[in-house]
Every structure is written in C-alpha cells, then in structure tokens.
$ cat upload_11.cif   # mmCIF, C-alpha atoms and all ligand atoms
data_query
#
loop_
_atom_site.group_PDB
_atom_site.id
_atom_site.type_symbol
_atom_site.label_atom_id
_atom_site.label_comp_id
_atom_site.auth_asym_id
_atom_site.auth_seq_id
_atom_site.Cartn_x
_atom_site.Cartn_y
_atom_site.Cartn_z
ATOM 1 C CA MET A 1 -226.416 104.442 -99.901
ATOM 2 C CA ALA A 2 -228.180 105.085 -103.131
ATOM 3 C CA ILE A 3 -230.992 107.166 -104.483
ATOM 4 C CA ARG A 4 -233.843 104.923 -105.603
ATOM 5 C CA ASP A 5 -236.504 105.680 -108.203
ATOM 6 C CA ILE A 6 -239.711 107.053 -106.732
ATOM 7 C CA ILE A 7 -242.712 105.109 -107.986
ATOM 8 C CA THR A 8 -245.599 107.275 -109.178
ATOM 9 C CA TYR A 9 -249.339 106.753 -109.526
ATOM 10 C CA PRO A 10 -250.936 104.671 -111.057
ATOM 11 C CA HIS A 11 -248.291 101.990 -110.343
ATOM 12 C CA PRO A 12 -250.018 99.125 -108.463
ATOM 13 C CA VAL A 13 -247.344 98.854 -105.727
ATOM 14 C CA LEU A 14 -248.732 102.091 -104.291
ATOM 15 C CA ARG A 15 -252.008 100.262 -103.700
ATOM 16 C CA GLN A 16 -250.426 97.303 -101.963
ATOM 17 C CA VAL A 17 -250.796 96.968 -98.204
ATOM 18 C CA ALA A 18 -247.230 96.828 -96.918
ATOM 19 C CA GLU A 19 -246.138 93.736 -95.017
ATOM 20 C CA SER A 20 -244.839 94.135 -91.510
ATOM 21 C CA VAL A 21 -241.131 93.635 -90.964
ATOM 22 C CA THR A 22 -240.463 90.430 -89.053
ATOM 23 C CA ASN A 23 -236.781 90.057 -89.817
ATOM 24 C CA LEU A 24 -234.843 93.254 -89.248
ATOM 25 C CA ASP A 25 -231.689 92.558 -91.197
ATOM 26 C CA GLY A 26 -229.117 94.570 -93.127
ATOM 27 C CA LYS A 27 -231.453 94.659 -96.093
ATOM 28 C CA ILE A 28 -233.989 96.703 -94.133
ATOM 29 C CA GLN A 29 -231.274 99.010 -92.821
ATOM 30 C CA ALA A 30 -229.968 99.543 -96.359
ATOM 31 C CA LEU A 31 -233.540 100.255 -97.440
ATOM 32 C CA ILE A 32 -233.866 102.887 -94.694
ATOM 33 C CA ASP A 33 -230.572 104.528 -95.735
ATOM 34 C CA ASP A 34 -231.631 104.608 -99.381
ATOM 35 C CA MET A 35 -235.085 105.926 -98.528
ATOM 36 C CA ALA A 36 -233.567 108.750 -96.470
ATOM 37 C CA GLU A 37 -231.212 109.699 -99.287
ATOM 38 C CA THR A 38 -234.043 109.506 -101.820
ATOM 39 C CA MET A 39 -236.295 111.667 -99.625
ATOM 40 C CA TYR A 40 -233.638 114.352 -99.078
ATOM 41 C CA SER A 41 -232.713 114.509 -102.737
ATOM 42 C CA ALA A 42 -236.340 114.735 -103.961
ATOM 43 C CA PRO A 43 -236.686 116.833 -101.743
ATOM 44 C CA GLY A 44 -239.535 115.658 -99.556
ATOM 45 C CA VAL A 45 -240.481 115.536 -95.879
ATOM 46 C CA GLY A 46 -241.433 111.876 -95.821
ATOM 47 C CA LEU A 47 -241.297 108.634 -97.765
ATOM 48 C CA ALA A 48 -242.876 105.204 -97.398
ATOM 49 C CA ALA A 49 -241.204 102.029 -98.660
ATOM 50 C CA ASN A 50 -243.995 101.357 -101.190
ATOM 51 C CA GLN A 51 -242.872 104.526 -102.921
ATOM 52 C CA VAL A 52 -239.537 102.941 -103.804
ATOM 53 C CA GLY A 53 -241.282 99.741 -104.847
ATOM 54 C CA VAL A 54 -240.784 97.741 -101.652
ATOM 55 C CA PRO A 55 -244.132 97.049 -99.925
ATOM 56 C CA VAL A 56 -242.876 96.636 -96.355
ATOM 57 C CA GLN A 57 -243.781 98.636 -93.255
ATOM 58 C CA VAL A 58 -240.997 101.216 -93.234
ATOM 59 C CA ILE A 59 -241.274 105.003 -93.284
ATOM 60 C CA VAL A 60 -238.761 107.816 -93.067
ATOM 61 C CA MET A 61 -239.467 111.461 -92.393
ATOM 62 C CA ASP A 62 -237.840 114.764 -91.596
ATOM 63 C CA ALA A 63 -240.256 117.572 -90.844
ATOM 64 C CA SER A 64 -237.635 119.827 -89.263
ATOM 65 C CA GLU A 65 -237.755 123.491 -90.183
ATOM 66 C CA LYS A 66 -235.566 124.874 -92.945
ATOM 67 C CA ASP A 67 -232.121 126.099 -91.835
ATOM 68 C CA ARG A 68 -232.304 123.718 -88.877
ATOM 69 C CA PRO A 69 -230.239 120.573 -88.420
ATOM 70 C CA ARG A 70 -231.677 117.450 -90.006
ATOM 71 C CA GLU A 71 -233.967 115.350 -87.858
ATOM 72 C CA LEU A 72 -234.301 112.048 -89.632
ATOM 73 C CA ILE A 73 -236.880 109.691 -88.162
ATOM 74 C CA ALA A 74 -237.264 106.121 -89.417
ATOM 75 C CA VAL A 75 -240.077 103.943 -88.129
ATOM 76 C CA ILE A 76 -240.543 100.249 -88.793
ATOM 77 C CA ASN A 77 -244.058 98.792 -88.393
ATOM 78 C CA PRO A 78 -245.573 102.152 -87.382
ATOM 79 C CA LEU A 79 -248.970 102.086 -85.717
ATOM 80 C CA ILE A 80 -251.121 105.016 -84.612
ATOM 81 C CA VAL A 81 -252.141 104.261 -81.030
ATOM 82 C CA ALA A 82 -253.702 107.611 -80.093
ATOM 83 C CA CYS A 83 -254.970 110.686 -81.919
ATOM 84 C CA GLU A 84 -256.454 114.017 -81.032
ATOM 85 C CA GLY A 85 -257.906 117.147 -82.634
ATOM 86 C CA LYS A 86 -258.235 118.148 -86.272
ATOM 87 C CA ILE A 87 -256.015 120.025 -88.701
ATOM 88 C CA VAL A 88 -256.351 120.909 -92.379
ATOM 89 C CA ASN A 89 -253.139 121.314 -94.285
ATOM 90 C CA GLU A 90 -252.150 121.502 -97.941
ATOM 91 C CA GLU A 91 -250.379 118.294 -98.870
ATOM 92 C CA GLY A 92 -248.561 116.998 -101.888
ATOM 93 C CA CYS A 93 -247.015 113.605 -102.572
ATOM 94 C CA LEU A 94 -243.867 112.568 -104.421
ATOM 95 C CA SER A 95 -245.893 109.747 -105.999
ATOM 96 C CA LEU A 96 -248.599 112.060 -107.353
ATOM 97 C CA ILE A 97 -247.256 114.243 -110.134
ATOM 98 C CA ASP A 98 -248.575 117.792 -109.952
ATOM 99 C CA PHE A 99 -251.193 117.273 -107.225
ATOM 100 C CA ARG A 100 -251.840 119.308 -104.113
ATOM 101 C CA ALA A 101 -254.931 119.460 -101.919
ATOM 102 C CA ASP A 102 -256.169 120.503 -98.511
ATOM 103 C CA ILE A 103 -256.413 117.352 -96.427
ATOM 104 C CA GLY A 104 -258.028 116.922 -93.023
ATOM 105 C CA ARG A 105 -255.952 115.000 -90.470
ATOM 106 C CA TYR A 106 -255.623 114.491 -86.753
ATOM 107 C CA LYS A 107 -253.706 117.364 -85.188
ATOM 108 C CA ARG A 108 -251.778 115.135 -82.838
ATOM 109 C CA VAL A 109 -250.857 111.476 -83.034
ATOM 110 C CA THR A 110 -248.956 108.958 -80.979
ATOM 111 C CA VAL A 111 -247.200 106.334 -83.071
ATOM 112 C CA LYS A 112 -245.532 103.188 -81.853
ATOM 113 C CA GLY A 113 -243.037 101.164 -83.823
ATOM 114 C CA LEU A 114 -239.398 100.141 -83.981
ATOM 115 C CA ASP A 115 -236.359 102.215 -84.785
ATOM 116 C CA ARG A 116 -233.718 101.082 -87.282
ATOM 117 C CA ASN A 117 -232.082 98.883 -84.638
ATOM 118 C CA GLY A 118 -235.305 97.181 -83.663
ATOM 119 C CA THR A 119 -235.728 99.124 -80.426
ATOM 120 C CA PRO A 120 -239.357 99.960 -79.607
ATOM 121 C CA ILE A 121 -240.098 103.672 -79.950
ATOM 122 C CA GLU A 122 -243.068 105.898 -79.290
ATOM 123 C CA LEU A 123 -243.457 109.232 -81.087
ATOM 124 C CA ASP A 124 -245.811 111.930 -79.920
ATOM 125 C CA LYS A 125 -246.157 114.541 -82.672
ATOM 126 C CA GLU A 126 -248.289 117.568 -83.317
ATOM 127 C CA GLY A 127 -248.840 119.748 -86.394
ATOM 128 C CA LEU A 128 -246.732 119.128 -89.513
ATOM 129 C CA PRO A 129 -244.790 116.116 -88.163
ATOM 130 C CA ALA A 130 -248.125 114.525 -87.160
ATOM 131 C CA VAL A 131 -249.498 115.160 -90.659
ATOM 132 C CA VAL A 132 -246.416 113.596 -92.264
ATOM 133 C CA LEU A 133 -246.689 110.520 -90.046
ATOM 134 C CA GLN A 134 -250.334 110.030 -91.042
ATOM 135 C CA HIS A 135 -249.526 110.590 -94.729
ATOM 136 C CA GLU A 136 -246.742 107.990 -94.709
ATOM 137 C CA ILE A 137 -248.751 105.449 -92.716
ATOM 138 C CA ASP A 138 -251.539 105.902 -95.293
ATOM 139 C CA HIS A 139 -249.024 104.836 -97.968
ATOM 140 C CA LEU A 140 -248.321 101.611 -96.062
ATOM 141 C CA ASN A 141 -252.045 100.886 -96.221
ATOM 142 C CA GLY A 142 -252.200 101.580 -99.950
ATOM 143 C CA ILE A 143 -254.002 104.885 -99.409
ATOM 144 C CA LEU A 144 -253.111 107.972 -101.443
ATOM 145 C CA LEU A 145 -254.053 111.640 -101.135
ATOM 146 C CA ILE A 146 -256.477 111.269 -104.041
ATOM 147 C CA ASP A 147 -258.521 108.923 -101.836
ATOM 148 C CA ARG A 148 -258.944 111.706 -99.310
ATOM 149 C CA VAL A 149 -260.428 114.331 -101.650
ATOM 150 C CA SER A 150 -263.852 114.562 -103.297
ATOM 151 C CA ARG A 151 -264.705 112.213 -106.136
ATOM 152 C CA LEU A 152 -264.884 115.170 -108.524
ATOM 153 C CA LYS A 153 -261.422 116.403 -107.584
ATOM 154 C CA ARG A 154 -260.033 112.872 -107.934
ATOM 155 C CA GLU A 155 -261.576 112.343 -111.373
ATOM 156 C CA LEU A 156 -260.354 115.705 -112.629
ATOM 157 C CA TYR A 157 -256.845 114.865 -111.463
ATOM 158 C CA ILE A 158 -256.839 111.431 -113.085
ATOM 159 C CA ARG A 159 -258.024 112.966 -116.360
ATOM 160 C CA ARG A 160 -255.332 115.655 -116.195
ATOM 161 C CA LEU A 161 -252.656 113.095 -115.314
ATOM 162 C CA LYS A 162 -253.610 110.872 -118.275
ATOM 163 C CA LYS A 163 -253.007 113.791 -120.626
ATOM 164 C CA VAL A 164 -249.629 114.506 -119.037
ATOM 165 C CA LEU A 165 -248.594 110.842 -119.275
ATOM 166 C CA MET A 166 -249.738 110.599 -122.894
ATOM 167 C CA LYS A 167 -247.718 113.682 -123.782
ATOM 168 C CA GLN A 168 -244.662 112.167 -122.060
ATOM 169 C CA ALA A 169 -245.137 108.882 -123.935
ATOM 170 C CA SER A 170 -245.389 110.563 -127.322
ATOM 171 C CA ARG A 171 -242.258 112.568 -126.583
ATOM 172 C CA THR A 172 -240.174 109.481 -125.837
ATOM 173 C CA ARG A 173 -241.410 107.648 -128.932
HETATM 174 NI NI NI B 1 -246.895 110.599 -100.334
#
$ encode --input "upload_11.cif" --output "structure tokens"
Amino acid sequence: MAIRDIITYPHPVLRQVAESVTNLDGKIQALIDDMAETMYSAPGVGLAANQVGVPVQVIVMDASEKDRPRELIAVINPLIVACEGKIVNEEGCLSLIDFRADIGRYKRVTVKGLDRNGTPIELDKEGLPAVVLQHEIDHLNGILLIDRVSRLKRELYIRRLKKVLMKQASRTR
C-alpha cells in the first residue's frame, strides 16, 4: 500500500469521464488499497480514482462517525439506481484547494456496483454517506463542486485560486 499524490484542479484528469472497469485484476485491488490509504491520510471521507490520476470507475469512502471503527467502502463501476428527497450540506473536496460550499443533493440514494472482489453490491445510504457517494460519482463523470455552485461563486474561486497558484510558483522559483 502506498499514499498517492492527490491531483488538484485545474488538472485535466479531473475532467475526464472515468472508464468502467472490465478487468478486475490485482492492479485495481492495489489501486483501491492505495486510494483508501490516501483518503485516510488526507484525511477525507471519500476519494475517486480520477483524483489519484487514474480515470477508472473506482471510489472509496468512509463516512463513519469520529471515534467509531472504520467503515471502508469501495465501489467499482458505481451507478445510482434510485434517489429520494433533498439535502443541502457544506462540502469540500481534496482536489479543490481552499473551497467549501453548500451543495444540494439527494437525501437518499441507492447505488449498485461491484465490491473489490467483483461481487455485485447494492448500497442504500441516507444523509452524509449518501452525499459522499454522489460527490464521488460526480468525480467519475468529470464533475466538480465548482460546477454545482453559481457562476459568480465559481469565477471568484477560480480568480482566487490563480493568485494562490501564482504565489506558490514564485516561491518555488
Ligand atoms: Ni472531491
């Protein structure tokens, strides 16, 4: 297992639509292990494979409460098959430096996919775990939080981020 670098916006891999996994081999299982380790060390509650630079349909998440045992969930080729209700929650993203926003989501989702061994699974989640699932599945479709806020908020963020990145670049020169 290894911690991988988390890719940040505006890297183009975050905009790529992830390919579905057709050959579940050791490479995918190693990817899942690395993604879990990367997520826990960040720390974050979810991670999509695009975020470590591999545009395939794999997500990991752990939305368990603090001081509770870990509840790692990995889903290959996740697909939302049912949804219900509405919820607004403040979200951030490991790929968006210094960005948080209230995002509207479905309150409850049912997701089908495969577990790390290729066994079909169905998850029925409500509240935070449902939000995380939707957030990570967005990543697999090349969608970021900044696409789910107003144009003004998005433009302000991009302007602010450019300044931050320019400052970082001049520091490393
Ligand atoms: Ni994210």
$ axis_aligned_box --input "upload_11.cif" --around "range 107-120 of chain A" --padding-each-side "3 Å" --output "AutoDock Vina command-line options"
--center_x -242.9 --center_y 107.3 --center_z -83.4 --size_x 27.6 --size_y 26.2 --size_z 13.7
$ closest_residue --input "upload_11.cif" --among "A:Val132, A:Val21, A:Ile6, A:Ile146" --to "Met61 in chain A" --atoms "only C-alpha atoms"
A:Val132
$ closest_residue --input "upload_11.cif" --among "A:Pro120, A:Gly85, A:Gly53, A:Gly92" --to "ligand NI 1 (chain B)" --atoms "only C-alpha atoms and all ligand atoms"
A:Gly92
$ resolve_selection --input "upload_11.cif" --expression "the PyMOL selection byres (((not hetatm)) within 6 of (chain B and resi 1))" --output "list in words"
Cys93, Leu94 and Ser95 of chain A
$ atom_distance --input "upload_11.cif" --atom1 "CA of Leu165 in chain A" --atom2 "CA of Tyr9 in chain A"
10.6 Å
$ resolve_selection --input "upload_11.cif" --expression "the PyMOL selection byres (((chain A and resi 131) around 9) and not hetatm)" --output "number ranges by chain"
A: 87, 89, 91, 105-109, 125-130, 132-136
$ write_last_selection --input "upload_11.cif" --atoms "C-alpha atoms" --output "compact mmCIF listing (two decimals), in the coordinates of the input"
# COMPACT_ATOMS: atom_id res chain seq x y z
CA ILE A 87 -256.02 120.02 -88.70
CA ASN A 89 -253.14 121.31 -94.28
CA GLU A 91 -250.38 118.29 -98.87
CA ARG A 105 -255.95 115.00 -90.47
CA TYR A 106 -255.62 114.49 -86.75
CA LYS A 107 -253.71 117.36 -85.19
CA ARG A 108 -251.78 115.14 -82.84
CA VAL A 109 -250.86 111.48 -83.03
CA LYS A 125 -246.16 114.54 -82.67
CA GLU A 126 -248.29 117.57 -83.32
CA GLY A 127 -248.84 119.75 -86.39
CA LEU A 128 -246.73 119.13 -89.51
CA PRO A 129 -244.79 116.12 -88.16
CA ALA A 130 -248.12 114.52 -87.16
CA VAL A 132 -246.42 113.60 -92.26
CA LEU A 133 -246.69 110.52 -90.05
CA GLN A 134 -250.33 110.03 -91.04
CA HIS A 135 -249.53 110.59 -94.73
CA GLU A 136 -246.74 107.99 -94.71
$ resolve_selection --input "upload_11.cif" --expression "the PyMOL selection byres (((chain A and resi 100) around 10) and not hetatm)" --output "number ranges by chain"
A: 90-93, 96-99, 101-103, 145-146, 157
$ write_last_selection --input "upload_11.cif" --atoms "C-alpha atoms" --output "short mmCIF file (atom, residue, chain, number, x, y, z; two decimals), keeping the file's coordinate frame"
data_model
loop_
_atom_site.label_atom_id
_atom_site.label_comp_id
_atom_site.auth_asym_id
_atom_site.auth_seq_id
_atom_site.Cartn_x
_atom_site.Cartn_y
_atom_site.Cartn_z
CA GLU A 90 -252.15 121.50 -97.94
CA GLU A 91 -250.38 118.29 -98.87
CA GLY A 92 -248.56 117.00 -101.89
CA CYS A 93 -247.02 113.60 -102.57
CA LEU A 96 -248.60 112.06 -107.35
CA ILE A 97 -247.26 114.24 -110.13
CA ASP A 98 -248.58 117.79 -109.95
CA PHE A 99 -251.19 117.27 -107.22
CA ALA A 101 -254.93 119.46 -101.92
CA ASP A 102 -256.17 120.50 -98.51
CA ILE A 103 -256.41 117.35 -96.43
CA LEU A 145 -254.05 111.64 -101.14
CA ILE A 146 -256.48 111.27 -104.04
CA TYR A 157 -256.85 114.86 -111.46
#
$ closest_residue --input "upload_11.cif" --among "A:Val81, A:Gly118, A:Asp5, A:Lys153" --to "Gly26 in chain A" --atoms "only C-alpha atoms"
A:Gly118
$ closest_residue --input "upload_11.cif" --among "A:Ala63, A:Ala49, A:Ile143, A:Val58" --to "Ile7 in chain A" --atoms "all atoms listed in the file"
A:Ala49
$ atom_distance --input "upload_11.cif" --atom1 "CA of Ala74 in chain A" --atom2 "CA of Gly142 in chain A"
18.8 Å
$ residues_around --input "upload_11.cif" --residues "Ala2 in chain A" --least-positions-apart "2" --cutoff "10 Å" --atoms "only C-alpha atoms" --output "list in words"
Arg4, Asp5, Ala30, Leu31, Asp33, Asp34, Met35, Ala36, Glu37 and Thr38 of chain A
$ decode --input "upload_11.cif" --residues "range 110-121 of chain A" --atoms "all heavy atoms" --output "compact mmCIF listing (two decimals), in the first residue's frame"
# COMPACT_ATOMS: atom_id res chain seq x y z
N THR A 110 -29.65 4.92 -3.76
CA THR A 110 -29.31 3.50 -3.86
C THR A 110 -28.29 3.38 -4.99
O THR A 110 -28.51 3.90 -6.09
CB THR A 110 -30.57 2.66 -4.19
OG1 THR A 110 -31.57 2.97 -3.22
CG2 THR A 110 -30.27 1.18 -4.15
N VAL A 111 -27.18 2.76 -4.67
CA VAL A 111 -26.08 2.64 -5.63
C VAL A 111 -25.76 1.17 -5.83
O VAL A 111 -25.62 0.41 -4.87
CB VAL A 111 -24.83 3.41 -5.13
CG1 VAL A 111 -23.61 3.09 -5.97
CG2 VAL A 111 -25.09 4.91 -5.11
N LYS A 112 -25.66 0.80 -7.10
CA LYS A 112 -25.24 -0.56 -7.43
C LYS A 112 -23.83 -0.54 -7.98
O LYS A 112 -23.41 0.45 -8.60
CB LYS A 112 -26.19 -1.16 -8.49
CG LYS A 112 -27.49 -1.67 -7.92
CD LYS A 112 -28.28 -2.41 -8.98
CE LYS A 112 -29.58 -2.94 -8.38
NZ LYS A 112 -30.36 -3.67 -9.37
N GLY A 113 -23.12 -1.61 -7.79
CA GLY A 113 -21.76 -1.70 -8.31
C GLY A 113 -21.15 -3.03 -7.93
O GLY A 113 -21.88 -3.99 -7.64
N LEU A 114 -19.83 -3.06 -7.92
CA LEU A 114 -19.12 -4.28 -7.53
C LEU A 114 -18.21 -3.97 -6.35
O LEU A 114 -17.69 -2.86 -6.25
CB LEU A 114 -18.23 -4.78 -8.69
CG LEU A 114 -18.91 -5.06 -10.03
CD1 LEU A 114 -17.85 -5.37 -11.08
CD2 LEU A 114 -19.88 -6.23 -9.91
N ASP A 115 -18.02 -4.94 -5.48
CA ASP A 115 -17.04 -4.73 -4.42
C ASP A 115 -15.65 -5.09 -4.94
O ASP A 115 -15.49 -5.42 -6.12
CB ASP A 115 -17.43 -5.50 -3.15
CG ASP A 115 -17.20 -7.02 -3.28
OD1 ASP A 115 -16.67 -7.47 -4.31
OD2 ASP A 115 -17.58 -7.74 -2.33
N ARG A 116 -14.66 -5.04 -4.08
CA ARG A 116 -13.27 -5.22 -4.53
C ARG A 116 -13.01 -6.62 -5.10
O ARG A 116 -12.01 -6.83 -5.78
CB ARG A 116 -12.27 -4.88 -3.42
CG ARG A 116 -12.46 -5.73 -2.18
CD ARG A 116 -11.34 -5.48 -1.20
NE ARG A 116 -10.06 -5.84 -1.75
CZ ARG A 116 -8.96 -5.08 -1.68
NH1 ARG A 116 -8.99 -3.92 -1.09
NH2 ARG A 116 -7.83 -5.50 -2.19
N ASN A 117 -13.90 -7.57 -4.78
CA ASN A 117 -13.72 -8.92 -5.31
C ASN A 117 -14.56 -9.17 -6.56
O ASN A 117 -14.58 -10.29 -7.08
CB ASN A 117 -14.07 -9.94 -4.23
CG ASN A 117 -13.20 -9.77 -3.01
OD1 ASN A 117 -11.97 -9.67 -3.12
ND2 ASN A 117 -13.81 -9.70 -1.84
N GLY A 118 -15.30 -8.15 -6.97
CA GLY A 118 -16.12 -8.31 -8.16
C GLY A 118 -17.52 -8.80 -7.87
O GLY A 118 -18.29 -9.11 -8.79
N THR A 119 -17.87 -8.89 -6.59
CA THR A 119 -19.21 -9.32 -6.20
C THR A 119 -20.18 -8.15 -6.31
O THR A 119 -19.87 -7.06 -5.81
CB THR A 119 -19.19 -9.83 -4.74
OG1 THR A 119 -18.14 -10.79 -4.61
CG2 THR A 119 -20.52 -10.45 -4.34
N PRO A 120 -21.33 -8.35 -6.95
CA PRO A 120 -22.30 -7.25 -7.04
C PRO A 120 -22.76 -6.80 -5.66
O PRO A 120 -23.04 -7.65 -4.79
CB PRO A 120 -23.46 -7.86 -7.84
CG PRO A 120 -22.85 -8.99 -8.60
CD PRO A 120 -21.77 -9.53 -7.70
N ILE A 121 -22.84 -5.49 -5.47
CA ILE A 121 -23.32 -4.95 -4.20
C ILE A 121 -24.36 -3.87 -4.47
O ILE A 121 -24.40 -3.28 -5.55
CB ILE A 121 -22.19 -4.34 -3.32
CG1 ILE A 121 -21.29 -3.41 -4.15
CG2 ILE A 121 -21.38 -5.41 -2.66
CD1 ILE A 121 -20.34 -2.57 -3.30
